[in-house]
file protein.cif (mmCIF, C-alpha atoms)
data_input
#
loop_
_atom_site.label_atom_id
_atom_site.label_comp_id
_atom_site.auth_asym_id
_atom_site.auth_seq_id
_atom_site.Cartn_x
_atom_site.Cartn_y
_atom_site.Cartn_z
CA MET V 1 86.57 42.64 123.57
CA ILE V 2 86.59 45.48 126.13
CA PHE V 3 83.28 44.27 127.51
CA SER V 4 84.64 40.72 127.85
CA ALA V 5 87.78 41.98 129.60
CA SER V 6 85.66 44.00 132.04
CA LEU V 7 83.56 40.94 132.85
CA LEU V 8 86.69 38.88 133.44
CA ILE V 9 87.97 41.48 135.88
CA ILE V 10 84.62 41.45 137.70
CA VAL V 11 84.72 37.64 137.92
CA LEU V 12 88.22 37.86 139.42
CA VAL V 13 86.96 40.43 141.92
CA GLY V 14 84.19 37.92 142.68
CA VAL V 15 86.88 35.47 143.80
CA ILE V 16 87.99 38.06 146.37
CA VAL V 17 84.37 38.53 147.42
CA GLY V 18 84.11 34.78 147.94
CA ILE V 19 87.21 34.73 150.13
CA THR V 20 85.99 37.61 152.30
CA THR V 21 82.54 36.04 152.60
CA ALA V 22 83.86 32.69 153.77
CA LEU V 23 86.62 33.96 156.06
CA PHE V 24 85.34 37.30 157.35
CA GLY V 25 81.55 37.19 157.00
CA PHE V 26 81.63 40.00 154.44
CA GLY V 27 78.80 39.12 152.08
CA GLY V 28 80.30 41.34 149.42
CA GLY V 29 79.15 44.85 150.29
CA PHE V 30 82.51 46.33 151.15
CA VAL V 31 84.08 44.89 147.97
CA THR V 32 81.06 45.01 145.66
CA VAL V 33 80.15 48.66 146.23
CA PRO V 34 83.52 50.09 145.13
CA ILE V 35 83.89 47.83 142.07
CA ILE V 36 80.31 48.29 140.82
CA ALA V 37 80.56 52.04 141.39
CA ILE V 38 83.60 52.04 139.09
CA VAL V 39 82.01 49.75 136.48
CA ASP V 40 78.81 51.83 136.39
CA ALA V 41 80.52 55.22 136.57
CA HIS V 42 78.76 56.14 133.32
CA LEU V 43 75.51 56.32 135.32
CA GLY V 44 76.80 59.45 137.01
CA GLY V 45 74.90 60.32 140.18
CA ASP V 46 73.07 56.98 140.14
CA ALA V 47 76.24 54.88 140.11
CA LEU V 48 76.45 54.37 143.86
CA ALA V 49 72.72 53.68 144.21
CA VAL V 50 73.12 50.94 141.59
CA ALA V 51 76.26 49.69 143.37
CA THR V 52 74.51 49.34 146.74
CA ALA V 53 71.52 47.66 145.11
CA THR V 54 73.72 45.23 143.18
CA SER V 55 75.67 44.46 146.34
CA ALA V 56 72.39 43.30 147.90
CA LEU V 57 72.03 40.67 145.15
CA VAL V 58 75.62 39.50 145.57
CA MET V 59 75.37 39.45 149.36
CA LEU V 60 72.07 37.57 149.27
CA VAL V 61 73.38 34.71 147.14
CA ASN V 62 76.71 34.56 148.96
CA ALA V 63 75.02 34.61 152.36
CA ILE V 64 72.70 31.78 151.33
CA VAL V 65 75.60 29.65 150.09
CA ALA V 66 77.70 30.37 153.18
CA THR V 67 74.79 29.75 155.56
CA VAL V 68 73.89 26.42 153.95
CA ALA V 69 77.53 25.35 154.32
CA THR V 70 77.75 26.51 157.95
CA ASP V 71 78.03 24.09 160.84
CA ARG V 72 74.57 23.46 162.32
CA GLU V 73 75.90 23.88 165.86
CA ALA V 74 76.90 27.47 165.09
CA LEU V 75 73.56 28.26 163.44
CA ALA V 76 71.76 26.90 166.51
CA THR V 77 72.91 30.07 168.29
CA LEU V 78 70.24 31.99 166.35
CA ARG V 79 67.32 29.75 167.33
CA GLY V 80 64.56 31.52 169.20
CA HIS V 81 65.64 34.97 168.06
CA GLY V 82 62.96 35.68 165.49
CA SER V 83 62.53 39.24 166.74
CA LEU V 84 66.15 40.08 165.87
CA ILE V 85 65.76 38.57 162.39
CA ALA V 86 62.47 40.43 161.81
CA LEU V 87 63.93 43.78 162.90
CA LEU V 88 67.00 43.28 160.71
CA ALA V 89 64.68 42.60 157.77
CA LEU V 90 62.62 45.70 158.53
CA GLY V 91 65.76 47.81 158.67
CA GLY V 92 67.00 46.30 155.40
CA ALA V 93 63.79 47.28 153.59
CA LEU V 94 63.85 50.80 155.06
CA GLY V 95 67.51 51.34 154.21
CA ALA V 96 67.10 50.14 150.62
CA ALA V 97 64.10 52.41 150.08
CA LEU V 98 65.92 55.43 151.53
CA GLY V 99 68.97 54.65 149.40
CA ARG V 100 67.01 54.83 146.16
CA PHE V 101 66.04 58.45 146.91
CA SER V 102 69.23 59.66 148.62
CA PRO V 103 71.77 61.91 146.88
CA ASP V 104 74.93 60.27 145.55
CA TRP V 105 77.24 62.28 147.80
CA LEU V 106 75.42 61.09 150.91
CA LEU V 107 75.74 57.42 149.96
CA ARG V 108 79.34 57.77 148.81
CA TRP V 109 80.73 59.73 151.74
CA GLY V 110 78.39 58.05 154.19
CA PHE V 111 79.99 54.73 153.22
CA VAL V 112 83.51 56.10 153.66
CA THR V 113 82.73 57.90 156.92
CA TYR V 114 81.00 54.94 158.52
CA VAL V 115 83.79 52.52 157.64
CA LEU V 116 86.49 54.94 158.87
CA ILE V 117 84.67 55.49 162.18
CA THR V 118 84.35 51.73 162.53
CA ILE V 119 88.09 51.23 161.93
CA ILE V 120 89.05 53.89 164.49
CA ASP V 121 86.66 52.38 167.02
CA LEU V 122 87.98 48.85 166.49
CA VAL V 123 91.59 49.93 166.96
CA ALA V 124 91.16 52.53 169.71
CA ARG V 125 88.76 50.71 172.03
CA PRO V 126 89.58 47.41 173.71
CA GLY V 127 87.46 44.36 172.95
CA PHE V 128 87.96 43.76 169.24
CA ILE V 129 91.64 42.94 168.64
CA THR V 130 91.58 40.93 171.84
CA PRO V 131 88.09 39.82 172.93
CA LYS V 132 86.88 40.07 176.51
CA GLN V 133 87.26 36.37 177.09
CA ALA V 134 90.53 35.89 175.25
CA ASP V 135 92.18 34.55 178.40
CA GLN V 136 89.64 31.72 178.59
CA PRO V 137 89.38 28.65 176.38
CA GLU V 138 87.50 29.49 173.19
CA GLN V 139 83.79 28.95 173.67
CA GLN V 140 81.87 26.47 171.65
CA PRO V 141 79.28 28.10 169.38
CA ALA V 142 76.34 26.42 171.09
CA THR V 143 77.21 28.00 174.43
CA ASN V 144 76.85 31.55 173.17
CA ASP V 145 73.47 33.21 173.49
CA CYS V 146 72.79 35.48 170.53
CA ARG V 147 70.91 37.88 172.81
CA THR V 148 74.14 38.62 174.68
CA LEU V 149 76.11 38.91 171.44
CA LEU V 150 73.60 41.08 169.56
CA PRO V 151 70.54 42.59 171.31
CA SER V 152 67.33 42.42 169.26
CA TRP V 153 66.60 46.15 169.52
CA LEU V 154 69.67 46.88 167.39
CA GLY V 155 68.14 45.01 164.46
CA THR V 156 66.38 47.95 162.81
CA PRO V 157 69.24 50.50 162.96
CA ILE V 158 71.76 47.86 161.84
CA GLY V 159 69.60 46.80 158.91
CA THR V 160 68.81 50.38 157.88
CA ILE V 161 72.40 51.62 157.86
CA ALA V 162 73.74 48.43 156.24
CA ALA V 163 71.23 48.55 153.38
CA LEU V 164 71.35 52.34 152.94
CA LEU V 165 75.12 52.57 152.59
CA GLY V 166 75.70 49.11 151.12
CA VAL V 167 78.32 48.29 153.76
CA GLY V 168 76.81 44.88 154.47
CA GLY V 169 75.47 43.65 157.77
CA SER V 170 78.77 42.07 158.83
CA VAL V 171 80.52 45.45 159.09
CA MET V 172 78.15 46.20 161.95
CA THR V 173 77.38 42.78 163.45
CA VAL V 174 80.90 41.34 163.63
CA PRO V 175 82.34 44.18 165.78
CA LEU V 176 79.31 44.08 168.09
CA MET V 177 79.51 40.32 168.60
CA ARG V 178 83.27 40.49 168.98
CA ARG V 179 82.98 43.07 171.75
CA SER V 180 80.50 40.79 173.50
CA GLY V 181 83.23 38.17 173.76
CA ALA V 182 82.67 36.04 170.67
CA PRO V 183 85.73 34.63 168.89
CA MET V 184 86.23 35.86 165.33
CA SER V 185 85.36 32.44 163.96
CA LEU V 186 81.88 32.55 165.52
CA ALA V 187 81.24 36.26 164.83
CA THR V 188 82.10 35.95 161.14
CA THR V 189 80.12 32.72 160.82
CA LEU V 190 76.95 34.25 162.27
CA ALA V 191 77.39 37.37 160.13
CA ASN V 192 76.25 35.47 157.04
CA PRO V 193 72.75 34.42 158.21
CA LEU V 194 72.27 37.84 159.80
CA THR V 195 73.27 39.50 156.53
CA LEU V 196 70.76 37.27 154.77
CA ALA V 197 67.98 38.72 156.91
CA ILE V 198 68.98 42.26 155.91
CA VAL V 199 69.64 41.89 152.19
CA ALA V 200 66.63 39.75 151.22
CA PRO V 201 64.08 42.58 151.72
CA ALA V 202 66.67 45.15 150.59
CA LEU V 203 67.07 43.34 147.27
CA LEU V 204 63.30 43.12 146.79
CA VAL V 205 62.98 46.89 147.25
CA SER V 206 65.93 47.51 144.91
CA LEU V 207 64.39 45.35 142.16
CA LEU V 208 61.12 47.24 142.39
CA ILE V 209 62.54 50.77 142.46
CA ALA V 210 64.69 51.99 139.56
CA PRO V 211 67.37 54.68 139.95
CA GLY V 212 65.90 58.14 139.73
CA HIS V 213 67.68 59.72 136.78
CA VAL V 214 68.72 57.15 134.20
CA ALA V 215 67.74 53.86 132.60
CA ALA V 216 70.47 51.59 131.25
CA PRO V 217 70.75 48.13 129.63
CA GLY V 218 71.25 45.35 132.16
CA LEU V 219 69.46 47.15 134.98
CA VAL V 220 66.50 45.51 136.68
CA GLY V 221 65.17 48.13 139.03
CA SER V 222 68.39 49.47 140.53
CA VAL V 223 70.30 46.19 140.18
CA ASP V 224 73.04 45.68 137.57
CA LEU V 225 72.33 42.02 136.85
CA VAL V 226 75.25 41.49 134.46
CA ALA V 227 77.87 42.76 136.89
CA GLY V 228 76.19 41.05 139.84
CA LEU V 229 76.09 37.65 138.13
CA ALA V 230 79.73 38.02 137.03
CA LEU V 231 80.74 38.61 140.65
CA LEU V 232 78.78 35.55 141.75
CA VAL V 233 80.45 33.34 139.12
CA GLY V 234 83.75 34.08 140.85
CA ALA V 235 82.49 34.09 144.43
CA VAL V 236 80.26 31.05 144.86
CA PRO V 237 82.80 28.27 144.06
CA VAL V 238 85.32 29.88 146.40
CA ILE V 239 82.79 30.07 149.26
CA VAL V 240 81.87 26.40 148.84
CA TYR V 241 85.54 25.37 148.78
CA LEU V 242 86.61 27.44 151.80
CA ARG V 243 83.61 26.36 153.87
CA ARG V 244 84.69 22.75 153.35
CA ARG V 245 88.43 23.41 153.76
CA ALA V 246 88.63 26.45 156.03
CA PRO V 247 92.22 27.54 156.70
CA ARG V 248 93.42 27.93 160.27
CA ILE V 249 93.76 31.61 161.21
CA SER V 250 94.72 32.83 164.66
CA ASP V 251 92.10 34.96 166.38
CA THR V 252 94.30 38.06 166.49
CA VAL V 253 95.41 37.80 162.85
CA HIS V 254 91.76 37.28 161.90
CA ALA V 255 90.80 40.50 163.70
CA TRP V 256 93.61 42.59 162.17
CA SER V 257 92.86 41.24 158.70
CA TYR V 258 89.24 42.31 159.14
CA ILE V 259 90.36 45.87 159.94
CA GLY V 260 92.76 45.93 157.01
CA LEU V 261 90.03 44.94 154.57
CA LEU V 262 87.76 47.67 155.91
CA ALA V 263 90.52 50.23 155.35
CA LEU V 264 91.05 49.01 151.79
CA SER V 265 87.35 49.30 151.00
CA ALA V 266 87.00 52.82 152.42
CA SER V 267 90.07 53.92 150.46
CA ALA V 268 88.66 52.56 147.19
CA VAL V 269 85.36 54.41 147.54
CA ALA V 270 87.10 57.62 148.70
CA LEU V 271 89.46 57.56 145.71
CA THR V 272 86.63 57.07 143.22
CA SER V 273 84.69 59.87 144.91
CA LEU V 274 87.59 62.30 144.64
CA THR V 275 88.23 61.31 141.02
CA TRP V 276 84.65 61.93 139.80
#
call {"tool": "encode", "arguments": {"input": "protein.cif", "output": "structure tokens"}}
result
Amino acid sequence: MIFSASLLIIVLVGVIVGITTALFGFGGGFVTVPIIAIVDAHLGGDALAVATATSALVMLVNAIVATVATDREALATLRGHGSLIALLALGGALGAALGRFSPDWLLRWGFVTYVLITIIDLVARPGFITPKQADQPEQQPATNDCRTLLPSWLGTPIGTIAALLGVGGSVMTVPLMRRSGAPMSLATTLANPLTLAIVAPALLVSLLIAPGHVAAPGLVGSVDLVAGLALLVGAVPVIVYLRRRAPRISDTVHAWSYIGLLALSASAVALTSLTW
């Protein structure tokens, strides 16, 4: 009965993951990492490594579903940018491999520190709450060149940090694209295919490398399949629905909501870290 109740809670959290994926480009990392870390607390020092690995599975499936449901005109922005995709993938593999051998405290407080620095940066510096071109009519997706929104050379560091800490590629790519003048709608839309490039190799590495100190039922490599699948049961239908019936959100409210969700995620991981 307790196990069933836990799964139900995870499925409900998956609904939240689906909402954030569809509306904010969060493939699940910033929600998945805290909840899986709590669920797998019995793994001790390996809990966060399992959480980041499991988040790769959730983000991969969610990013695929969201990308398939994305308007083709928006996706056309990424055409001809194979080098960016390849470098994101390389970084994702490197980050996942490093994460499997990194101490728990580094992953846990690295996650919190990175998200907090991101929040401070988004609020303190101009260009995120109100984009550079906010005084101009909103650009159509096809007119934006991905090279101006996200330079290719950033692919490897973005992929490495995103996979290492489990924060998800969108936590890094959305602010960068936003500061380059992209509206939130475009930045969050492109975050899903970019996240896909990071988490596909990261998940492969995580499936092949088990956590260093403990073996537990339900783990494949470092991935908690039971918890991951429960999250996806809640997330996928929501993503499909919201991609077809996306609510209207003003650009400024969209930006502030993004920051609020980051703060909530960092708080959850910090609280679990202080409790254990």
call {"tool": "resolve_selection", "arguments": {"input": "protein.cif", "expression": "the PyMOL selection byres ((chain V and resi 262) around 12)", "output": "PyMOL selection string"}}
result
chain V and resi 20+24+26+28-31+34+111-120+122-123+167-168+170-172+175+255-261+263-269
call {"tool": "closest_residue", "arguments": {"input": "protein.cif", "among": "V:Ala76, V:Val174, V:Ile198, V:Ala227", "to": "Ile38 in chain V", "atoms": "all atoms listed in the file"}}
result
V:Ala227
call {"tool": "residues_near_point", "arguments": {"input": "protein.cif", "point": "(84.9, 30.9, 148.7)", "cutoff": "8 Å", "atoms": "only C-alpha atoms", "output": "MDAnalysis selection string"}}
result
chainID V and resid 15 17:22 235:243
call {"tool": "residues_around", "arguments": {"input": "protein.cif", "residues": "Ala162 in chain V", "least_positions_apart": "3", "cutoff": "12 Å", "atoms": "all atoms listed in the file", "output": "number ranges by chain"}}
result
V: 26-30, 33, 52-53, 55-56, 59, 88-96, 98-99, 107, 110-111, 114-115, 154-159, 165-173, 194-199, 202
call {"tool": "closest_residue", "arguments": {"input": "protein.cif", "among": "V:Leu231, V:Ala191, V:Leu48, V:Val205", "to": "Ile64 in chain V", "atoms": "all atoms listed in the file"}}
result
V:Ala191
call {"tool": "resolve_selection", "arguments": {"input": "protein.cif", "expression": "the PyMOL selection byres ((chain V and resi 222) around 8)", "output": "short mmCIF file (atom, residue, chain, number, x, y, z; two decimals) with C-alpha atoms, in the frame of the given file"}}
result
data_model
loop_
_atom_site.label_atom_id
_atom_site.label_comp_id
_atom_site.auth_asym_id
_atom_site.auth_seq_id
_atom_site.Cartn_x
_atom_site.Cartn_y
_atom_site.Cartn_z
CA ALA V 49 72.72 53.68 144.21
CA VAL V 50 73.12 50.94 141.59
CA ALA V 53 71.52 47.66 145.11
CA THR V 54 73.72 45.23 143.18
CA ARG V 100 67.01 54.83 146.16
CA SER V 206 65.93 47.51 144.91
CA LEU V 207 64.39 45.35 142.16
CA LEU V 208 61.12 47.24 142.39
CA ILE V 209 62.54 50.77 142.46
CA ALA V 210 64.69 51.99 139.56
CA PRO V 211 67.37 54.68 139.95
CA LEU V 219 69.46 47.15 134.98
CA VAL V 220 66.50 45.51 136.68
CA GLY V 221 65.17 48.13 139.03
CA VAL V 223 70.30 46.19 140.18
CA ASP V 224 73.04 45.68 137.57
#
call {"tool": "atom_distance", "arguments": {"input": "protein.cif", "atom1": "CA of Leu8 in chain V", "atom2": "CA of His254 in chain V"}}
result
29.0 Å
call {"tool": "resolve_selection", "arguments": {"input": "protein.cif", "expression": "the PyMOL selection byres ((chain V and resi 230) around 10)", "output": "PDB file with C-alpha atoms, in the frame of the given file"}}
result
ATOM      1  CA  SER V   6      85.660  44.000 132.040  1.00  0.00           C
ATOM      2  CA  LEU V   7      83.560  40.940 132.850  1.00  0.00           C
ATOM      3  CA  LEU V   8      86.690  38.880 133.440  1.00  0.00           C
ATOM      4  CA  ILE V   9      87.970  41.480 135.880  1.00  0.00           C
ATOM      5  CA  ILE V  10      84.620  41.450 137.700  1.00  0.00           C
ATOM      6  CA  VAL V  11      84.720  37.640 137.920  1.00  0.00           C
ATOM      7  CA  LEU V  12      88.220  37.860 139.420  1.00  0.00           C
ATOM      8  CA  VAL V  13      86.960  40.430 141.920  1.00  0.00           C
ATOM      9  CA  GLY V  14      84.190  37.920 142.680  1.00  0.00           C
ATOM     10  CA  VAL V  58      75.620  39.500 145.570  1.00  0.00           C
ATOM     11  CA  LEU V 225      72.330  42.020 136.850  1.00  0.00           C
ATOM     12  CA  VAL V 226      75.250  41.490 134.460  1.00  0.00           C
ATOM     13  CA  ALA V 227      77.870  42.760 136.890  1.00  0.00           C
ATOM     14  CA  GLY V 228      76.190  41.050 139.840  1.00  0.00           C
ATOM     15  CA  LEU V 229      76.090  37.650 138.130  1.00  0.00           C
ATOM     16  CA  LEU V 231      80.740  38.610 140.650  1.00  0.00           C
ATOM     17  CA  LEU V 232      78.780  35.550 141.750  1.00  0.00           C
ATOM     18  CA  VAL V 233      80.450  33.340 139.120  1.00  0.00           C
ATOM     19  CA  GLY V 234      83.750  34.080 140.850  1.00  0.00           C
ATOM     20  CA  ALA V 235      82.490  34.090 144.430  1.00  0.00           C
TER      21      ALA V 235
END
call {"tool": "atom_distance", "arguments": {"input": "protein.cif", "atom1": "CA of Ser180 in chain V", "atom2": "CA of Leu87 in chain V"}}
result
19.9 Å
call {"tool": "closest_residue", "arguments": {"input": "protein.cif", "among": "V:Ala41, V:Val68, V:Asp46, V:Leu150", "to": "Leu84 in chain V", "atoms": "all atoms listed in the file"}}
result
V:Leu150
call {"tool": "atom_distance", "arguments": {"input": "protein.cif", "atom1": "CA of Ala86 in chain V", "atom2": "CA of Asp104 in chain V"}}
result
28.5 Å
call {"tool": "closest_residue", "arguments": {"input": "protein.cif", "among": "V:Asp251, V:Ala200, V:Trp153, V:Pro126", "to": "Leu60 in chain V", "atoms": "only C-alpha atoms"}}
result
V:Ala200
call {"tool": "closest_residue", "arguments": {"input": "protein.cif", "among": "V:Leu164, V:Asp121, V:Pro193, V:Gly127", "to": "Leu106 in chain V", "atoms": "all atoms listed in the file"}}
result
V:Leu164
call {"tool": "closest_residue", "arguments": {"input": "protein.cif", "among": "V:Leu23, V:Pro103, V:Ala63, V:Ala124", "to": "Ile249 in chain V", "atoms": "all atoms listed in the file"}}
result
V:Leu23
